[in-house]
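Q: Supplied in structure tokens, the structure appears directly below.
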Amino acid sequence: MRNFILVMFSIPLFQGVLNAQTPWTRNKAGFYVQTSWQSTPLYQTVFDASAPGNRRTLERAIRENSFQLLAEYGLSDKTTIWSATPFRFQYSGKSTGISTIPMLQQGRLNGLGNITLACRHRFSSGKVTITGQARLDFDSGKSSRITGLNSAYDAWSGSATLSIGQRSHTSGYWFVYGGAGWRGPLANSIVLGGGEAGLKFRQFFLAVMSDLSWRVGTKTYEVEAANKKTALYAPDQSVWLLGGKAGFEMNRFYGFYLGAVVPQAGNQAARQTSFLASMYFKWD
């Protein structure tokens, strides 16, 4: 049960939920590798705090698919490092009809997302486990002026968070987390928070989660006008997500899981459900 929890929840659920805030670390020299495919189907509207009803219709419908490679390694029983490398496939489709002459063109963009490097350290491991994490995301994206597509935040960003959780070796677990970060300028600050809870039945696993990434800063960085129109990885983006996932452990080394996440509120973020399929290999 312990190893299964580590596999399912020491990793992010979605590309836009890369907090990976489990309180549990890997064994010394233990490692984990995951490949995942995330799909956000065509959508035409985004959250926009400046628009009526916090809803803005885009000039063109957008679809995004992502492939991600994630790896974790236990430096010690208390310290784990991990890195994630996403690659995104974006598509800007037909006009939504809100403008007679759309400024943005139809097209595609394939490029890296923000590459992540992070370190998680466990402070206590009694009935309730407490863990801290420091994370850095690199400016490694790609953008297009004519389509407005953008594969990543156009700035370095980072965060520091604290996680608290408890688990049973026979039934399930829970944890909550909170912290703060920045995106670009330090004044472009973000509040992070959320939690997860899961239950296991034999080799099957079910879980629910909530994740909040909310901008509270006073400054931002400049992006192309076309990027502002699509809201893809905009500097002032905020989002609150609710979701769930189901997993199956084939043996102590291999497994897979499926998930879905639904945006509940936000700013400059898609109003569309995303889906995930993932496979992993671990050695603890």
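Identifiers for the structure tokens are assigned positionally: chains receive A, B, ... in sequence, residues are indexed from 1 per chain, and ligands are indexed from 1 in the order shown.
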Compile the contact shell of region 138-153 of chain A as a ChimeraX atom specification: residues with an atom at most 6 Å away, counting only C-alpha atoms, same-chain residues fewer than 3 positions apart removed.
A: /A:104-105,111-115,156,226-227,230,232-233
Q: Which residues are near Gly244 (chain A)? Cut-off 7 Å, only C-alpha atoms, ignore same chain within fewer than 5 positions. Put them as a list in words.
A: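 Surrounding residues, per the criterion: Ala207, Val208, Met209, Gly259, Ala260 and Val261 of chain A.
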Q: Pull C-alpha atoms from the residues just selected and write them as a PDB file, in the first residue's frame.
A:
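Resulting contents of result-v5.pdb:
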```pdb
ATOM      1  CA  ALA A 207      -8.984   9.338  -5.506  1.00  0.00           C
ATOM      2  CA  VAL A 208     -10.409  12.871  -5.574  1.00  0.00           C
ATOM      3  CA  MET A 209      -8.421  16.098  -5.556  1.00  0.00           C
ATOM      4  CA  GLY A 259      -7.943  10.948 -14.596  1.00  0.00           C
ATOM      5  CA  ALA A 260     -10.145  13.951 -15.316  1.00  0.00           C
ATOM      6  CA  VAL A 261     -10.156  17.495 -13.931  1.00  0.00           C
TER       7      VAL A 261
END
```
Q: With only C-alpha atoms as the atoms that count, which of A:Trp37, A:Gly181, A:Glu64, A:Lys28 lies nearest to Ala270 (chain A)?
A: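 Between A:Trp37, A:Gly181, A:Glu64, A:Lys28, the residue approaching Ala270 (chain A) most closely is A:Glu64.
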Q: Taking 5 positions as the minimum chain separation for residues in the same chain, which residues sit within 10 Å of region 158-162 of chain A when counting only C-alpha atoms? Answer as a ChimeraX atom specification.
A: /A:19,21-23,116-122,130-138,176-184,186,189-193
Q: Hey, can you spit out that residue selection with C-alpha atoms as a PDB file, in the first residue's frame?
A:
```pdb
ATOM      1  CA  ASN A  19       2.273  21.063  -7.562  1.00  0.00           C
ATOM      2  CA  GLN A  21       2.490  18.135  -3.063  1.00  0.00           C
ATOM      3  CA  THR A  22       2.393  14.702  -1.426  1.00  0.00           C
ATOM      4  CA  PRO A  23       4.086  14.623   2.011  1.00  0.00           C
ATOM      5  CA  THR A 116      10.351  21.722 -13.766  1.00  0.00           C
ATOM      6  CA  LEU A 117      13.037  20.883 -11.208  1.00  0.00           C
ATOM      7  CA  ALA A 118      12.010  20.380  -7.567  1.00  0.00           C
ATOM      8  CA  CYS A 119      13.166  19.015  -4.215  1.00  0.00           C
ATOM      9  CA  ARG A 120      10.869  17.567  -1.543  1.00  0.00           C
ATOM     10  CA  HIS A 121      12.105  17.076   2.059  1.00  0.00           C
ATOM     11  CA  ARG A 122      10.259  15.292   4.873  1.00  0.00           C
ATOM     12  CA  ILE A 130       4.984  17.016   7.271  1.00  0.00           C
ATOM     13  CA  THR A 131       7.016  17.801   4.145  1.00  0.00           C
ATOM     14  CA  GLY A 132       8.321  20.942   2.459  1.00  0.00           C
ATOM     15  CA  GLN A 133       9.048  21.472  -1.219  1.00  0.00           C
ATOM     16  CA  ALA A 134      10.978  24.019  -3.293  1.00  0.00           C
ATOM     17  CA  ARG A 135      10.323  24.142  -7.024  1.00  0.00           C
ATOM     18  CA  LEU A 136      11.685  26.018 -10.056  1.00  0.00           C
ATOM     19  CA  ASP A 137      10.095  26.192 -13.525  1.00  0.00           C
ATOM     20  CA  PHE A 138      12.252  27.274 -16.459  1.00  0.00           C
ATOM     21  CA  VAL A 176      -3.476  18.947   2.231  1.00  0.00           C
ATOM     22  CA  TYR A 177      -0.945  21.558   1.120  1.00  0.00           C
ATOM     23  CA  GLY A 178      -0.433  25.275   0.853  1.00  0.00           C
ATOM     24  CA  GLY A 179       2.234  27.772  -0.076  1.00  0.00           C
ATOM     25  CA  ALA A 180       3.185  30.660  -2.305  1.00  0.00           C
ATOM     26  CA  GLY A 181       5.152  31.315  -5.469  1.00  0.00           C
ATOM     27  CA  TRP A 182       5.891  33.776  -8.232  1.00  0.00           C
ATOM     28  CA  ARG A 183       5.613  33.889 -12.015  1.00  0.00           C
ATOM     29  CA  GLY A 184       8.112  36.234 -13.648  1.00  0.00           C
ATOM     30  CA  LEU A 186       8.488  38.596  -7.673  1.00  0.00           C
ATOM     31  CA  SER A 189       2.902  36.372  -6.680  1.00  0.00           C
ATOM     32  CA  ILE A 190       0.653  33.311  -6.485  1.00  0.00           C
ATOM     33  CA  VAL A 191      -1.111  31.514  -3.632  1.00  0.00           C
ATOM     34  CA  LEU A 192      -1.125  27.704  -3.866  1.00  0.00           C
ATOM     35  CA  GLY A 193      -3.309  25.222  -2.009  1.00  0.00           C
TER      36      GLY A 193
END
```
Q: Need the shell around Gly172 (chain A): protein/DNA/RNA residues with any atom at most 9 Å away, counting only C-alpha atoms. Skip same-chain ones fewer than 4 positions apart. Format as a PDB file with N, CA and C atoms, in the first residue's frame?
A:
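Full text of part-v9.pdb as output:
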```pdb
ATOM      1  N   MET A   1       0.824  -1.202   0.000  1.00  0.00           N
ATOM      2  CA  MET A   1       0.000   0.000   0.000  1.00  0.00           C
ATOM      3  C   MET A   1       0.859   1.255   0.000  1.00  0.00           C
ATOM      4  N   ILE A   5       0.711   4.241  -2.894  1.00  0.00           N
ATOM      5  CA  ILE A   5       0.428   5.643  -2.594  1.00  0.00           C
ATOM      6  C   ILE A   5       1.537   6.538  -3.134  1.00  0.00           C
ATOM      7  N   GLN A 166      -1.673  11.976   6.115  1.00  0.00           N
ATOM      8  CA  GLN A 166      -1.732  10.751   6.904  1.00  0.00           C
ATOM      9  C   GLN A 166      -2.181   9.620   5.989  1.00  0.00           C
ATOM     10  N   ARG A 167      -1.674   8.423   6.235  1.00  0.00           N
ATOM     11  CA  ARG A 167      -2.047   7.293   5.391  1.00  0.00           C
ATOM     12  C   ARG A 167      -2.197   6.027   6.217  1.00  0.00           C
ATOM     13  N   SER A 168      -2.996   5.131   5.678  1.00  0.00           N
ATOM     14  CA  SER A 168      -3.146   3.796   6.243  1.00  0.00           C
ATOM     15  C   SER A 168      -2.525   2.814   5.274  1.00  0.00           C
ATOM     16  N   ALA A 197      -7.448  12.879  -1.495  1.00  0.00           N
ATOM     17  CA  ALA A 197      -7.814  11.757  -0.636  1.00  0.00           C
ATOM     18  C   ALA A 197      -8.114  10.566  -1.527  1.00  0.00           C
ATOM     19  N   GLY A 198      -7.671   9.372  -1.099  1.00  0.00           N
ATOM     20  CA  GLY A 198      -7.860   8.195  -1.923  1.00  0.00           C
ATOM     21  C   GLY A 198      -8.109   6.938  -1.120  1.00  0.00           C
ATOM     22  N   LEU A 199      -8.728   5.932  -1.781  1.00  0.00           N
ATOM     23  CA  LEU A 199      -9.004   4.629  -1.193  1.00  0.00           C
ATOM     24  C   LEU A 199      -8.510   3.545  -2.133  1.00  0.00           C
ATOM     25  N   LYS A 200      -8.045   2.417  -1.561  1.00  0.00           N
ATOM     26  CA  LYS A 200      -7.567   1.298  -2.356  1.00  0.00           C
ATOM     27  C   LYS A 200      -8.432   0.071  -2.118  1.00  0.00           C
ATOM     28  N   PHE A 205      -7.370   1.650  -7.345  1.00  0.00           N
ATOM     29  CA  PHE A 205      -7.258   2.836  -6.517  1.00  0.00           C
ATOM     30  C   PHE A 205      -8.148   3.938  -7.075  1.00  0.00           C
TER      31      PHE A 205
END
```
Q: If we count only C-alpha atoms, what is near region 246-251 of chain A at a cut-off of 8 Å, once residues fewer than 5 positions away on the same chain are taken out, given as JSON, numbers by chain?
A: {"A": [4, 8, 203, 204, 205, 206, 207, 256, 257, 258, 259]}
Q: Any chance you could list, as an MDAnalysis selection string, the residues in region 8-234 of chain A that come up strand (DSSP E) when DSSP is run on the backbone?
A: chainID A and resid 31:47 55:74 79:95 107:112 116:125 129:137 157:167 172:183 189:201 204:215
Q: As a compact mmCIF listing (two decimals) with N, CA and C atoms, in the first residue's frame, please: the residues near Thr40 (chain A) (cut-off 8 Å, only C-alpha atoms, same-chain neighbours under 5 positions excluded).
A:
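Result file follows (selection-v3.txt):
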```txt
# COMPACT_ATOMS: atom_id res chain seq x y z
N ARG A 63 -7.44 23.65 -29.01
CA ARG A 63 -7.26 22.31 -28.45
C ARG A 63 -5.80 22.16 -28.05
N GLU A 64 -5.56 21.48 -26.92
CA GLU A 64 -4.18 21.23 -26.48
C GLU A 64 -4.02 19.80 -26.01
N ASN A 65 -3.00 19.13 -26.54
CA ASN A 65 -2.58 17.82 -26.05
C ASN A 65 -1.15 17.95 -25.54
N GLN A 272 -12.79 24.20 -19.68
CA GLN A 272 -12.89 22.90 -20.35
C GLN A 272 -12.31 21.80 -19.49
N THR A 273 -12.97 20.65 -19.44
CA THR A 273 -12.47 19.48 -18.74
C THR A 273 -11.26 18.90 -19.47
N SER A 274 -10.25 18.47 -18.71
CA SER A 274 -9.07 17.81 -19.29
C SER A 274 -9.03 16.35 -18.84
N PHE A 275 -8.41 15.51 -19.67
CA PHE A 275 -8.33 14.07 -19.41
C PHE A 275 -6.87 13.62 -19.46
```
Q: Smallest atom-to-atom distance to Ser39 (chain A): which of A:Gly255, A:Ala234, A:Gly126, A:Phe67, using only C-alpha atoms?
A: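 Under the stated criterion, the closest residue is A:Phe67.
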Q: When you count only C-alpha atoms, which of these residues is closest to Gly93 (chain A): A:Ser278, A:Ser157, A:Gln106, A:Thr80?
A: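 Under the stated criterion, the closest residue is A:Gln106.
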Q: To one decimal place in Å, what is the distance between CA of Tyr73 (chain A) and CA of Thr170 (chain A)?
A: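 Between CA of Tyr73 (chain A) and CA of Thr170 (chain A) the gap works out to 25.1 Å.
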Q: From the options A:Thr25, A:Asn188, A:Gln44, A:Thr96, which residue's atoms come nearest to Glu222 (chain A), counting only C-alpha atoms?
A: A:Asn188
